[in-house]
>>> print(open('run-v1.cif').read())   # mmCIF, C-alpha atoms and all ligand atoms
data_model
#
loop_
_atom_site.label_atom_id
_atom_site.label_comp_id
_atom_site.auth_asym_id
_atom_site.auth_seq_id
_atom_site.Cartn_x
_atom_site.Cartn_y
_atom_site.Cartn_z
CA MET A 1 159.16 179.63 106.27
CA ARG A 2 162.26 181.85 106.06
CA SER A 3 161.85 184.85 103.80
CA SER A 4 163.67 184.75 100.50
CA PHE A 5 165.60 187.46 98.69
CA THR A 6 164.15 190.88 97.92
CA LEU A 7 163.34 191.66 94.31
CA ARG A 8 162.87 195.25 93.14
CA GLY A 9 161.97 196.12 89.56
CA GLN A 10 160.75 193.77 86.87
CA ALA A 11 160.91 190.00 87.39
CA ARG A 12 163.16 188.49 84.72
CA ASP A 13 163.83 185.04 83.35
CA ARG A 14 166.98 184.44 85.38
CA SER A 15 168.10 181.53 83.21
CA ARG A 16 168.65 183.86 80.23
CA LEU A 17 170.00 187.18 81.42
CA ASP A 18 171.77 189.66 79.18
CA VAL A 19 173.90 191.26 81.89
CA ALA A 20 174.21 190.84 85.65
CA ILE A 21 176.20 193.01 88.06
CA VAL A 22 177.61 191.84 91.39
CA GLY A 23 177.51 194.57 94.03
CA ALA A 24 175.05 197.40 94.62
CA GLY A 25 177.45 199.98 95.97
CA VAL A 26 177.48 203.34 94.24
CA VAL A 27 179.45 201.91 91.32
CA GLY A 28 177.22 198.87 90.65
CA LEU A 29 174.16 201.09 90.97
CA ALA A 30 175.54 203.67 88.56
CA ILE A 31 176.40 200.94 86.03
CA ALA A 32 172.92 199.40 86.34
CA ARG A 33 171.34 202.81 85.77
CA GLU A 34 173.55 203.60 82.79
CA LEU A 35 172.91 200.22 81.12
CA ALA A 36 169.15 200.48 81.72
CA ASN A 37 169.16 204.01 80.28
CA ARG A 38 170.79 202.53 77.16
CA GLY A 39 167.94 200.02 76.77
CA ARG A 40 169.55 196.99 78.43
CA GLU A 41 167.97 194.98 81.24
CA PRO A 42 170.62 194.56 83.94
CA LEU A 43 170.13 192.43 87.04
CA LEU A 44 171.95 193.83 90.06
CA ILE A 45 172.86 191.32 92.79
CA GLU A 46 173.57 192.50 96.34
CA ARG A 47 174.08 190.45 99.46
CA HIS A 48 172.88 193.08 101.95
CA PRO A 49 169.18 193.84 102.34
CA ALA A 50 169.73 197.33 100.91
CA VAL A 51 172.08 199.13 98.55
CA GLY A 52 175.24 201.09 99.45
CA ARG A 53 175.95 199.36 102.76
CA GLU A 54 179.72 198.83 102.45
CA THR A 55 182.46 201.27 101.34
CA THR A 56 179.88 203.54 99.72
CA SER A 57 178.45 204.49 103.11
CA ARG A 58 181.83 204.71 104.87
CA ASN A 59 183.68 207.59 103.28
CA SER A 60 184.17 211.35 103.46
CA GLY A 61 181.34 212.09 101.03
CA VAL A 62 183.62 214.53 99.24
CA ILE A 63 182.98 215.41 95.61
CA HIS A 64 186.58 215.56 94.46
CA ALA A 65 187.72 218.02 91.82
CA GLY A 66 190.36 215.70 90.30
CA LEU A 67 193.48 217.46 91.59
CA TYR A 68 195.70 214.60 92.62
CA TYR A 69 195.77 211.73 90.18
CA PRO A 70 198.37 211.30 87.41
CA THR A 71 197.24 213.08 84.25
CA GLY A 72 195.64 210.67 81.80
CA SER A 73 194.93 208.02 84.44
CA LEU A 74 191.38 206.67 84.75
CA LYS A 75 191.25 208.18 88.23
CA ALA A 76 191.99 211.65 86.87
CA ARG A 77 189.75 211.48 83.80
CA LEU A 78 186.80 209.79 85.43
CA CYS A 79 186.98 211.99 88.52
CA VAL A 80 186.71 215.19 86.46
CA ARG A 81 183.94 213.82 84.23
CA GLY A 82 182.18 212.06 87.14
CA ARG A 83 182.16 215.22 89.23
CA ARG A 84 180.40 217.19 86.49
CA LEU A 85 177.85 214.40 86.00
CA LEU A 86 177.36 214.08 89.75
CA TYR A 87 176.57 217.78 90.24
CA GLU A 88 174.09 217.59 87.34
CA LEU A 89 172.41 214.53 88.86
CA CYS A 90 172.28 216.10 92.33
CA GLU A 91 170.66 219.22 90.91
CA ALA A 92 168.17 217.28 88.76
CA HIS A 93 167.14 214.92 91.59
CA ASN A 94 167.46 217.25 94.59
CA ILE A 95 170.14 215.04 96.16
CA PRO A 96 171.58 216.90 99.17
CA HIS A 97 174.99 218.31 98.28
CA ARG A 98 177.03 221.49 98.71
CA ARG A 99 179.81 223.08 96.68
CA LEU A 100 181.83 224.04 99.77
CA GLY A 101 185.15 224.46 98.02
CA LYS A 102 188.42 223.09 99.30
CA LEU A 103 191.83 224.40 100.32
CA VAL A 104 194.97 222.27 100.05
CA VAL A 105 197.36 224.03 102.39
CA ALA A 106 201.17 224.18 102.48
CA ALA A 107 202.01 224.33 106.20
CA ASN A 108 205.44 225.92 105.61
CA GLU A 109 207.96 227.06 102.98
CA THR A 110 209.36 223.58 102.44
CA GLU A 111 205.96 222.38 101.22
CA LEU A 112 205.67 225.08 98.55
CA PRO A 113 207.25 223.06 95.69
CA ALA A 114 204.80 220.21 96.36
CA LEU A 115 201.91 222.68 96.33
CA GLU A 116 203.11 224.09 93.01
CA SER A 117 203.38 220.62 91.43
CA LEU A 118 199.88 219.82 92.66
CA MET A 119 198.57 223.00 91.05
CA ALA A 120 200.29 222.13 87.76
CA ARG A 121 198.93 218.59 87.79
CA ALA A 122 195.40 219.76 88.65
CA ARG A 123 195.47 222.22 85.72
CA LYS A 124 196.69 219.47 83.36
CA ASN A 125 193.85 217.27 84.62
CA GLY A 126 191.37 219.91 83.44
CA VAL A 127 190.15 221.05 86.86
CA GLU A 128 188.35 224.38 86.53
CA GLN A 129 188.48 227.58 88.60
CA LEU A 130 191.69 226.78 90.50
CA GLN A 131 193.26 229.64 92.41
CA ALA A 132 196.67 230.03 94.01
CA VAL A 133 196.19 231.61 97.44
CA ASP A 134 198.95 233.41 99.36
CA LYS A 135 199.32 233.68 103.12
CA ALA A 136 197.34 236.94 103.41
CA GLN A 137 194.49 235.66 101.21
CA LEU A 138 194.40 232.42 103.18
CA ALA A 139 194.03 234.38 106.41
CA ARG A 140 191.09 236.28 104.89
CA LEU A 141 189.39 233.16 103.48
CA GLU A 142 189.85 230.94 106.54
CA PRO A 143 191.11 232.88 109.56
CA ARG A 144 191.47 229.73 111.68
CA VAL A 145 193.79 228.02 109.17
CA ALA A 146 197.55 228.52 109.47
CA GLY A 147 199.66 228.02 106.35
CA THR A 148 202.14 229.63 104.00
CA ALA A 149 200.04 229.26 100.85
CA ALA A 150 197.20 227.16 99.49
CA LEU A 151 195.43 225.88 96.43
CA LEU A 152 191.74 226.79 96.33
CA SER A 153 189.39 224.48 94.43
CA PRO A 154 185.92 226.03 94.43
CA VAL A 155 184.37 223.09 92.54
CA SER A 156 185.05 220.57 95.35
CA GLY A 157 182.05 219.76 97.50
CA ILE A 158 180.15 217.20 99.53
CA VAL A 159 177.23 214.90 98.82
CA ASP A 160 175.02 212.61 100.91
CA PRO A 161 176.07 209.13 99.69
CA HIS A 162 172.94 207.48 101.08
CA GLU A 163 170.58 209.83 99.21
CA LEU A 164 172.73 209.47 96.10
CA CYS A 165 172.35 205.67 96.21
CA LYS A 166 168.60 205.94 96.76
CA ALA A 167 168.29 208.18 93.70
CA LEU A 168 170.46 205.87 91.55
CA GLU A 169 168.47 202.81 92.62
CA ALA A 170 165.13 204.47 91.83
CA ASP A 171 166.39 205.75 88.49
CA ALA A 172 167.87 202.38 87.51
CA ILE A 173 164.68 200.50 88.35
CA ARG A 174 162.52 203.07 86.57
CA ALA A 175 164.67 202.58 83.46
CA GLY A 176 164.32 198.78 83.55
CA ALA A 177 166.99 197.40 85.92
CA THR A 178 166.16 194.74 88.52
CA LEU A 179 167.71 194.51 92.00
CA MET A 180 168.03 191.20 93.85
CA ALA A 181 169.02 192.01 97.42
CA ARG A 182 170.01 189.57 100.18
CA CYS A 183 171.70 187.40 97.52
CA ASP A 184 175.31 186.42 98.01
CA VAL A 185 177.21 185.37 94.89
CA MET A 186 178.94 182.12 95.85
CA THR A 187 180.36 180.69 92.63
CA VAL A 188 180.82 181.82 89.04
CA GLU A 189 181.37 179.27 86.32
CA ALA A 190 182.31 180.03 82.74
CA MET A 191 180.24 178.00 80.25
CA SER A 192 180.67 177.59 76.49
CA ARG A 193 178.43 180.63 76.21
CA GLY A 194 177.91 182.94 79.19
CA LEU A 195 178.36 182.38 82.89
CA ALA A 196 176.52 180.43 85.57
CA VAL A 197 176.28 182.41 88.79
CA GLU A 198 175.21 180.64 91.96
CA VAL A 199 173.64 182.89 94.57
CA SER A 200 172.71 181.98 98.10
CA HIS A 201 169.84 183.74 99.88
CA PRO A 202 168.04 183.28 103.21
CA ALA A 203 165.68 180.64 101.80
CA GLY A 204 168.15 178.63 99.73
CA SER A 205 170.13 179.10 96.56
CA GLU A 206 169.63 179.63 92.83
CA THR A 207 171.74 179.55 89.69
CA LEU A 208 171.43 182.43 87.25
CA ILE A 209 172.71 182.33 83.69
CA CYS A 210 174.01 185.53 82.11
CA GLU A 211 175.86 186.49 78.94
CA ARG A 212 177.94 189.00 80.86
CA LEU A 213 178.81 189.49 84.49
CA ILE A 214 180.13 192.81 85.74
CA ASN A 215 182.16 192.38 88.90
CA ALA A 216 181.63 195.52 91.02
CA ALA A 217 182.02 193.74 94.37
CA GLY A 218 184.32 196.32 96.02
CA LEU A 219 186.45 194.69 98.72
CA TRP A 220 185.41 191.27 97.42
CA ALA A 221 186.05 191.86 93.71
CA ASP A 222 189.17 189.65 93.71
CA ARG A 223 187.15 186.84 95.31
CA ILE A 224 184.48 187.03 92.62
CA ALA A 225 187.12 187.05 89.85
CA LYS A 226 188.96 184.14 91.48
CA ALA A 227 185.73 182.14 91.79
CA ALA A 228 185.45 182.43 88.00
CA GLY A 229 189.10 181.37 87.48
CA ASP A 230 190.68 184.82 87.18
CA ASP A 231 193.37 185.45 89.78
CA SER A 232 195.02 188.35 87.94
CA PHE A 233 194.60 190.88 90.76
CA ALA A 234 194.35 191.07 94.55
CA VAL A 235 192.56 193.59 96.73
CA HIS A 236 194.62 194.96 99.64
CA PRO A 237 192.24 196.36 102.28
CA CYS A 238 193.39 199.65 103.74
CA LYS A 239 191.41 201.00 106.68
CA GLY A 240 190.77 204.70 107.21
CA ASP A 241 189.58 205.92 110.62
CA TYR A 242 187.74 209.13 111.43
CA PHE A 243 187.53 211.17 114.62
CA SER A 244 184.78 213.71 115.19
CA ALA A 245 185.39 217.18 116.58
CA PRO A 246 183.01 219.30 118.67
CA ALA A 247 180.94 222.02 117.01
CA SER A 248 183.14 224.71 118.63
CA ALA A 249 186.16 223.42 116.65
CA ALA A 250 184.25 223.73 113.39
CA ARG A 251 182.98 227.24 113.98
CA GLY A 252 184.19 229.74 111.37
CA ILE A 253 185.60 227.11 108.98
CA SER A 254 183.64 227.03 105.77
CA ARG A 255 185.71 224.90 103.39
CA LEU A 256 187.23 221.44 103.30
CA ILE A 257 190.81 221.76 104.57
CA TYR A 258 193.46 219.32 103.32
CA PRO A 259 197.21 218.96 103.85
CA LEU A 260 199.43 218.00 100.92
CA PRO A 261 199.05 214.31 100.03
CA ASP A 262 201.77 211.69 100.36
CA GLN A 263 203.77 211.03 97.17
CA LYS A 264 202.31 207.61 96.46
CA LEU A 265 198.74 208.76 97.09
CA VAL A 266 198.05 206.00 99.61
CA GLY A 267 195.77 208.54 101.26
CA LEU A 268 195.16 212.26 100.93
CA GLY A 269 196.36 213.00 104.47
CA VAL A 270 194.18 213.46 107.55
CA HIS A 271 191.89 216.31 106.55
CA VAL A 272 188.88 218.26 107.73
CA THR A 273 185.57 217.26 106.23
CA PHE A 274 182.01 218.24 106.97
CA ASP A 275 178.81 216.37 106.45
CA LEU A 276 175.69 218.14 105.23
CA ALA A 277 174.61 218.81 108.82
CA GLY A 278 177.87 220.75 109.34
CA ARG A 279 179.41 218.11 111.61
CA MET A 280 183.20 218.16 111.42
CA ARG A 281 185.28 215.00 111.12
CA LEU A 282 189.02 214.46 110.82
CA GLY A 283 190.43 211.62 108.77
CA PRO A 284 190.80 209.17 107.25
CA ASP A 285 194.26 207.84 108.12
CA THR A 286 195.71 204.82 106.30
CA GLU A 287 196.26 201.41 107.85
CA TYR A 288 196.62 198.29 105.73
CA ILE A 289 194.82 195.39 107.39
CA ALA A 290 194.80 191.63 106.93
CA ARG A 291 192.09 190.18 104.71
CA GLU A 292 190.68 188.10 107.58
CA GLN A 293 189.86 191.30 109.44
CA LEU A 294 187.13 192.00 106.89
CA ASP A 295 185.09 189.18 108.38
CA ARG A 296 184.41 190.97 111.65
CA PRO A 297 183.31 194.43 112.73
CA LEU A 298 186.27 196.68 113.50
CA ASP A 299 186.52 199.79 115.61
CA VAL A 300 188.41 203.06 115.78
CA ASP A 301 191.22 202.87 118.32
CA PRO A 302 190.75 205.75 120.82
CA ALA A 303 194.53 205.71 121.38
CA LYS A 304 194.94 207.33 117.94
CA GLU A 305 193.40 210.57 119.22
CA ALA A 306 196.73 212.32 119.86
CA ARG A 307 197.98 211.44 116.37
CA PHE A 308 194.85 212.87 114.77
CA ARG A 309 195.06 216.01 116.88
CA ASP A 310 198.72 216.51 115.91
CA ALA A 311 197.87 216.12 112.22
CA ALA A 312 194.99 218.60 112.52
CA ARG A 313 196.85 221.25 114.49
CA ARG A 314 199.54 221.62 111.83
CA LEU A 315 196.93 223.52 109.80
CA LEU A 316 194.42 224.39 112.53
CA PRO A 317 196.30 225.59 115.62
CA HIS A 318 193.10 225.83 117.68
CA MET A 319 192.76 222.03 117.51
CA ARG A 320 195.55 221.80 120.10
CA ASP A 321 193.06 221.94 122.96
CA VAL A 322 190.15 220.10 121.39
CA SER A 323 189.11 216.66 122.46
CA LEU A 324 188.28 214.26 119.61
CA GLN A 325 185.94 211.28 119.66
CA PRO A 326 186.48 208.04 117.74
CA ASP A 327 183.96 208.08 114.88
CA SER A 328 183.50 205.75 111.91
CA TYR A 329 185.90 203.98 109.57
CA GLY A 330 185.94 202.86 105.95
CA ILE A 331 188.07 200.33 104.10
CA ARG A 332 189.67 201.11 100.75
CA PRO A 333 189.75 198.21 98.24
CA LYS A 334 193.30 198.99 97.09
CA LEU A 335 195.18 197.34 94.25
CA GLN A 336 198.27 199.19 95.46
CA PRO A 337 199.91 196.89 98.03
CA TYR A 338 201.53 198.18 101.21
CA GLY A 339 204.65 200.13 100.13
CA GLY A 340 203.68 199.83 96.46
CA GLU A 341 203.32 202.50 93.80
CA PHE A 342 200.16 204.35 92.74
CA HIS A 343 197.61 202.02 91.11
CA ASP A 344 194.81 203.11 88.83
CA PHE A 345 191.21 201.84 88.81
CA LEU A 346 190.93 198.47 87.06
CA LEU A 347 188.18 198.60 84.44
CA ALA A 348 188.78 195.76 82.00
CA PRO A 349 187.45 192.52 80.55
CA SER A 350 188.71 189.47 82.43
CA SER A 351 190.55 186.59 80.79
CA VAL A 352 187.36 184.64 81.63
CA ARG A 353 184.98 185.28 78.72
CA GLY A 354 181.93 187.30 79.68
CA LEU A 355 183.37 188.60 82.95
CA TYR A 356 184.23 192.31 83.26
CA ASN A 357 186.19 193.52 86.31
CA VAL A 358 185.55 196.87 88.00
CA ALA A 359 188.09 196.76 90.81
CA GLY A 360 190.33 198.91 92.98
CA ILE A 361 187.56 201.51 93.19
CA GLU A 362 188.92 203.46 96.11
CA SER A 363 188.78 207.27 96.26
CA PRO A 364 187.66 209.08 94.08
CA GLY A 365 185.18 206.27 93.32
CA LEU A 366 182.15 208.02 94.81
CA THR A 367 182.83 211.09 92.67
CA ALA A 368 183.72 209.09 89.58
CA ALA A 369 180.88 206.53 89.75
CA LEU A 370 178.73 208.02 86.98
CA ALA A 371 181.73 208.32 84.66
CA ILE A 372 182.87 204.77 85.52
CA ALA A 373 179.36 203.66 84.51
CA GLU A 374 179.60 205.42 81.13
CA TYR A 375 183.04 203.91 80.55
CA VAL A 376 181.91 200.35 81.37
CA ALA A 377 178.71 200.68 79.33
CA ASP A 378 180.76 201.83 76.30
CA GLU A 379 183.19 198.95 76.75
CA ILE A 380 180.50 196.28 76.80
CA ALA A 381 178.35 197.94 74.14
CA ASP A 382 178.75 195.05 71.71
C1 LIG B 1 187.83 205.96 104.13
C2 LIG B 1 187.34 206.25 102.75
C3 LIG B 1 187.09 207.55 102.34
C4 LIG B 1 186.65 207.81 101.04
N1 LIG B 1 186.34 209.08 100.70
C5 LIG B 1 185.86 209.33 99.45
C6 LIG B 1 185.49 210.64 99.09
O1 LIG B 1 185.45 211.54 99.92
N2 LIG B 1 185.11 210.88 97.81
C7 LIG B 1 185.10 209.90 96.87
O2 LIG B 1 184.82 210.19 95.71
N3 LIG B 1 185.41 208.62 97.20
C8 LIG B 1 185.76 208.32 98.46
N4 LIG B 1 186.06 207.04 98.82
C9 LIG B 1 185.92 205.99 97.83
C10 LIG B 1 184.47 205.52 97.66
O3 LIG B 1 183.84 205.35 98.90
C11 LIG B 1 184.48 204.20 96.88
O4 LIG B 1 185.27 204.36 95.73
C12 LIG B 1 183.11 203.75 96.45
O5 LIG B 1 182.21 203.78 97.51
C13 LIG B 1 183.22 202.35 95.89
O6 LIG B 1 181.94 201.89 95.58
P1 LIG B 1 181.74 200.42 95.08
O7 LIG B 1 180.33 200.32 94.61
O8 LIG B 1 182.81 200.05 94.11
O9 LIG B 1 182.03 199.50 96.35
P2 LIG B 1 181.11 199.11 97.60
O10 LIG B 1 180.37 200.26 98.12
O11 LIG B 1 181.99 198.37 98.55
O12 LIG B 1 180.07 198.11 96.98
C14 LIG B 1 180.37 196.77 96.67
C15 LIG B 1 179.11 195.97 96.94
O13 LIG B 1 179.32 194.63 96.54
C16 LIG B 1 178.61 193.79 97.42
N5 LIG B 1 179.16 192.44 97.33
C17 LIG B 1 180.44 192.06 97.56
N6 LIG B 1 180.57 190.74 97.40
C18 LIG B 1 179.34 190.27 97.06
C19 LIG B 1 178.84 188.98 96.76
N7 LIG B 1 179.62 187.89 96.79
N8 LIG B 1 177.52 188.85 96.45
C20 LIG B 1 176.70 189.95 96.42
N9 LIG B 1 177.14 191.19 96.69
C21 LIG B 1 178.44 191.36 97.01
C22 LIG B 1 178.85 194.44 98.77
O14 LIG B 1 177.90 194.03 99.72
C23 LIG B 1 178.77 195.92 98.43
O15 LIG B 1 177.47 196.45 98.64
C24 LIG B 1 186.48 206.75 100.12
C25 LIG B 1 186.73 205.44 100.53
C26 LIG B 1 187.14 205.18 101.83
C27 LIG B 1 187.35 203.77 102.27
#
>>> encode(input="run-v1.cif", output="structure tokens")
Amino acid sequence: MRSSFTLRGQARDRSRLDVAIVGAGVVGLAIARELANRGREPLLIERHPAVGRETTSRNSGVIHAGLYYPTGSLKARLCVRGRRLLYELCEAHNIPHRRLGKLVVAANETELPALESLMARARKNGVEQLQAVDKAQLARLEPRVAGTAALLSPVSGIVDPHELCKALEADAIRAGATLMARCDVMTVEAMSRGLAVEVSHPAGSETLICERLINAAGLWADRIAKAAGDDSFAVHPCKGDYFSAPASAARGISRLIYPLPDQKLVGLGVHVTFDLAGRMRLGPDTEYIAREQLDRPLDVDPAKEARFRDAARRLLPHMRDVSLQPDSYGIRPKLQPYGGEFHDFLLAPSSVRGLYNVAGIESPGLTAALAIAEYVADEIAD
């Protein structure tokens, strides 16, 4: 007989659920944990055998300070709050992380006004400990970085997303959440009261009935909403590739190094990140892809190497002679279409009663996850 789905946590009567969540990425996990901590009994449904297998495990792992996003936006507010909560959680649960600090660097005089506006925005967003750094200070802080001036954010850092997800899963289950893994949500039907959710798993299918369904399906969130009859938004996948650099290129660099972002915040610019083992990666770039491309594994085109090297050597002249290797990629679930304006996170009840959409959770979603969870739990508190 084929094995069925995997159930972790308490078995529940799945014909009378209070709240179910589609998607056990970092956001679905954080919501499950928050709801369980508030005494609710959420059921988390995930199609992979384990949690955090999609966008959550394919990112830079950066704990963002909250510098970039328009003041008052959900991205700005939830990034700042989420960062503080994330550091507290990492410290309480021994989740590997480091407060490396970050420099956003103006490569030349013409970039200075943009650097100044970024500083002003970051201050308005409530980011702490920011410092304006001049050329001489920059040379002292990071001798391998070339630039006219920089913004130093000491509260930026890195976290291990895999360990973070493991801790959130354990915490959520301990508090009363249940995880059903290897279950693919196929259809969602609104009933006179609640929603019927059909899931398919390796041994067959099952229909669950819940009062509320939280749609945290990442790249597939528009599909889940549409299945329920809500076609109010579309996800535009935007791929970001990474190249890795040899250890010699990383030597002597101790902070995350970023260029100034593009105006519409499609991406933050190809930057230097480190994982917790000290391995240096460059990326991610931005490349909108067709929806159908999500159905197959993609790769990182080695022909992009020169472009990545050129981007890196603007701030790190020694990268001129370094050879880069194609590394991993991640796909942003953007609500901002190609050429479109900045779009905020979508955290809102759907027009379909009982459905709540958590969509467009691109960067800084990893940082903001715990604050997104608080926000959603408050919204559905009735
Ligand atoms: C290239 C890149 C770099 C990034 N860098 C950073 C960074 O440095 N810092 C930061 O804060 N953020 C970063 N982000 C953003 C961050 O990774 C995301 O915001 C976050 O991981 C989103 O988590 P999620 O839970 O919403 O989505 P996901 O991790 O995609 O989870 C959604 C889950 O839903 C499941 N699912 C979908 N459909 C179904 C279905 N029908 N049935 C059952 N399950 C389903 C999927 O399997 C998946 O596990 C980056 C993103 C990218 C792409």
>>> residues_near_ligand(input="run-v1.cif", ligand="ligand LIG 1 (chain B)", cutoff="6 Å", atoms="all atoms listed in the file", output="VMD selection string")
chain A and resid 22 to 28 45 to 48 52 to 56 59 to 64 183 to 186 216 to 220 240 284 330 to 332 361 to 367
>>> write_last_selection(input="run-v1.cif", atoms="C-alpha atoms", output="compact mmCIF listing (two decimals), in the coordinates of the input")
# COMPACT_ATOMS: atom_id res chain seq x y z
CA VAL A 22 177.61 191.84 91.39
CA GLY A 23 177.51 194.57 94.03
CA ALA A 24 175.05 197.40 94.62
CA GLY A 25 177.45 199.98 95.97
CA VAL A 26 177.48 203.34 94.24
CA VAL A 27 179.45 201.91 91.32
CA GLY A 28 177.22 198.87 90.65
CA ILE A 45 172.86 191.32 92.79
CA GLU A 46 173.57 192.50 96.34
CA ARG A 47 174.08 190.45 99.46
CA HIS A 48 172.88 193.08 101.95
CA GLY A 52 175.24 201.09 99.45
CA ARG A 53 175.95 199.36 102.76
CA GLU A 54 179.72 198.83 102.45
CA THR A 55 182.46 201.27 101.34
CA THR A 56 179.88 203.54 99.72
CA ASN A 59 183.68 207.59 103.28
CA SER A 60 184.17 211.35 103.46
CA GLY A 61 181.34 212.09 101.03
CA VAL A 62 183.62 214.53 99.24
CA ILE A 63 182.98 215.41 95.61
CA HIS A 64 186.58 215.56 94.46
CA CYS A 183 171.70 187.40 97.52
CA ASP A 184 175.31 186.42 98.01
CA VAL A 185 177.21 185.37 94.89
CA MET A 186 178.94 182.12 95.85
CA ALA A 216 181.63 195.52 91.02
CA ALA A 217 182.02 193.74 94.37
CA GLY A 218 184.32 196.32 96.02
CA LEU A 219 186.45 194.69 98.72
CA TRP A 220 185.41 191.27 97.42
CA GLY A 240 190.77 204.70 107.21
CA PRO A 284 190.80 209.17 107.25
CA GLY A 330 185.94 202.86 105.95
CA ILE A 331 188.07 200.33 104.10
CA ARG A 332 189.67 201.11 100.75
CA ILE A 361 187.56 201.51 93.19
CA GLU A 362 188.92 203.46 96.11
CA SER A 363 188.78 207.27 96.26
CA PRO A 364 187.66 209.08 94.08
CA GLY A 365 185.18 206.27 93.32
CA LEU A 366 182.15 208.02 94.81
CA THR A 367 182.83 211.09 92.67
>>> closest_residue(input="run-v1.cif", among="A:Met180, A:Ala371, A:Ala30, A:Leu141", to="Arg14 of chain A", atoms="only C-alpha atoms")
A:Met180
>>> atom_distance(input="run-v1.cif", atom1="atom CA of Leu324 of chain A", atom2="atom CA of Ala290 of chain A")
26.7 Å
>>> residues_around(input="run-v1.cif", residues="segment 340-347 of chain A", least_positions_apart="4", cutoff="7 Å", atoms="all atoms listed in the file", output="MDAnalysis selection string")
chainID A and resid 73:75 264:265 335:336 357:361
>>> atom_distance(input="run-v1.cif", atom1="atom CA of Arg98 of chain A", atom2="atom CA of Val155 of chain A")
9.7 Å
>>> residues_near_point(input="run-v1.cif", point="(196.4, 213.8, 105.7)", cutoff="7 Å", atoms="only C-alpha atoms", output="number ranges by chain")
A: 258-259, 261, 267-271, 285
>>> write_last_selection(input="run-v1.cif", atoms="C-alpha atoms", output="mmCIF file, in the coordinates of the input")
data_model
loop_
_atom_site.group_PDB
_atom_site.id
_atom_site.type_symbol
_atom_site.label_atom_id
_atom_site.label_comp_id
_atom_site.auth_asym_id
_atom_site.auth_seq_id
_atom_site.Cartn_x
_atom_site.Cartn_y
_atom_site.Cartn_z
ATOM 1 C CA TYR A 258 193.460 219.320 103.320
ATOM 2 C CA PRO A 259 197.210 218.960 103.850
ATOM 3 C CA PRO A 261 199.050 214.310 100.030
ATOM 4 C CA GLY A 267 195.770 208.540 101.260
ATOM 5 C CA LEU A 268 195.160 212.260 100.930
ATOM 6 C CA GLY A 269 196.360 213.000 104.470
ATOM 7 C CA VAL A 270 194.180 213.460 107.550
ATOM 8 C CA HIS A 271 191.890 216.310 106.550
ATOM 9 C CA ASP A 285 194.260 207.840 108.120
#
>>> residues_around(input="run-v1.cif", residues="Ala196 of chain A", least_positions_apart="5", cutoff="8 Å", atoms="all atoms listed in the file", output="ChimeraX atom specification")
/A:188-191,207-210
>>> closest_atom_pairs(input="run-v1.cif", of="segment 139-253 of chain A", to="segment 296-316 of chain A", cutoff="8 Å", atoms="all atoms listed in the file", output="CSV")
residue,atom,partner,partner_atom,distance
A:Arg144,CA,A:Leu316,CA,6.2
A:Val145,CA,A:Leu316,CA,5.0
A:Ala146,CA,A:Leu315,CA,5.0
A:Gly147,CA,A:Leu315,CA,6.3
A:Asp241,CA,A:Val300,CA,6.0
A:Tyr242,CA,A:Val300,CA,7.5
A:Phe243,CA,A:Glu305,CA,7.5
>>> atom_distance(input="run-v1.cif", atom1="atom CA of Lys135 of chain A", atom2="atom CA of Thr148 of chain A")
5.0 Å
>>> build_atoms(input="run-v1.cif", residues="segment 246-255 of chain A", atoms="N, CA and C atoms", output="PDB file, in the coordinates of the input")
ATOM      1  N   PRO A 246     184.193 218.579 118.192  1.00  0.00           N
ATOM      2  CA  PRO A 246     183.010 219.300 118.670  1.00  0.00           C
ATOM      3  C   PRO A 246     182.666 220.492 117.775  1.00  0.00           C
ATOM      4  N   ALA A 247     181.410 220.932 117.871  1.00  0.00           N
ATOM      5  CA  ALA A 247     180.940 222.020 117.010  1.00  0.00           C
ATOM      6  C   ALA A 247     181.809 223.278 117.174  1.00  0.00           C
ATOM      7  N   SER A 248     182.337 223.496 118.398  1.00  0.00           N
ATOM      8  CA  SER A 248     183.140 224.710 118.630  1.00  0.00           C
ATOM      9  C   SER A 248     184.405 224.701 117.749  1.00  0.00           C
ATOM     10  N   ALA A 249     184.937 223.505 117.470  1.00  0.00           N
ATOM     11  CA  ALA A 249     186.160 223.420 116.650  1.00  0.00           C
ATOM     12  C   ALA A 249     185.867 223.755 115.198  1.00  0.00           C
ATOM     13  N   ALA A 250     184.617 223.519 114.796  1.00  0.00           N
ATOM     14  CA  ALA A 250     184.250 223.730 113.390  1.00  0.00           C
ATOM     15  C   ALA A 250     183.856 225.170 113.103  1.00  0.00           C
ATOM     16  N   ARG A 251     183.513 225.895 114.161  1.00  0.00           N
ATOM     17  CA  ARG A 251     182.980 227.240 113.980  1.00  0.00           C
ATOM     18  C   ARG A 251     183.944 228.104 113.132  1.00  0.00           C
ATOM     19  N   GLY A 252     183.378 228.801 112.161  1.00  0.00           N
ATOM     20  CA  GLY A 252     184.190 229.740 111.370  1.00  0.00           C
ATOM     21  C   GLY A 252     184.951 229.080 110.229  1.00  0.00           C
ATOM     22  N   ILE A 253     184.902 227.754 110.119  1.00  0.00           N
ATOM     23  CA  ILE A 253     185.600 227.110 108.980  1.00  0.00           C
ATOM     24  C   ILE A 253     184.529 226.771 107.946  1.00  0.00           C
ATOM     25  N   SER A 254     184.722 227.236 106.718  1.00  0.00           N
ATOM     26  CA  SER A 254     183.640 227.030 105.770  1.00  0.00           C
ATOM     27  C   SER A 254     184.010 226.137 104.594  1.00  0.00           C
ATOM     28  N   ARG A 255     185.282 225.749 104.520  1.00  0.00           N
ATOM     29  CA  ARG A 255     185.710 224.900 103.390  1.00  0.00           C
ATOM     30  C   ARG A 255     186.328 223.611 103.908  1.00  0.00           C
TER      31      ARG A 255
END
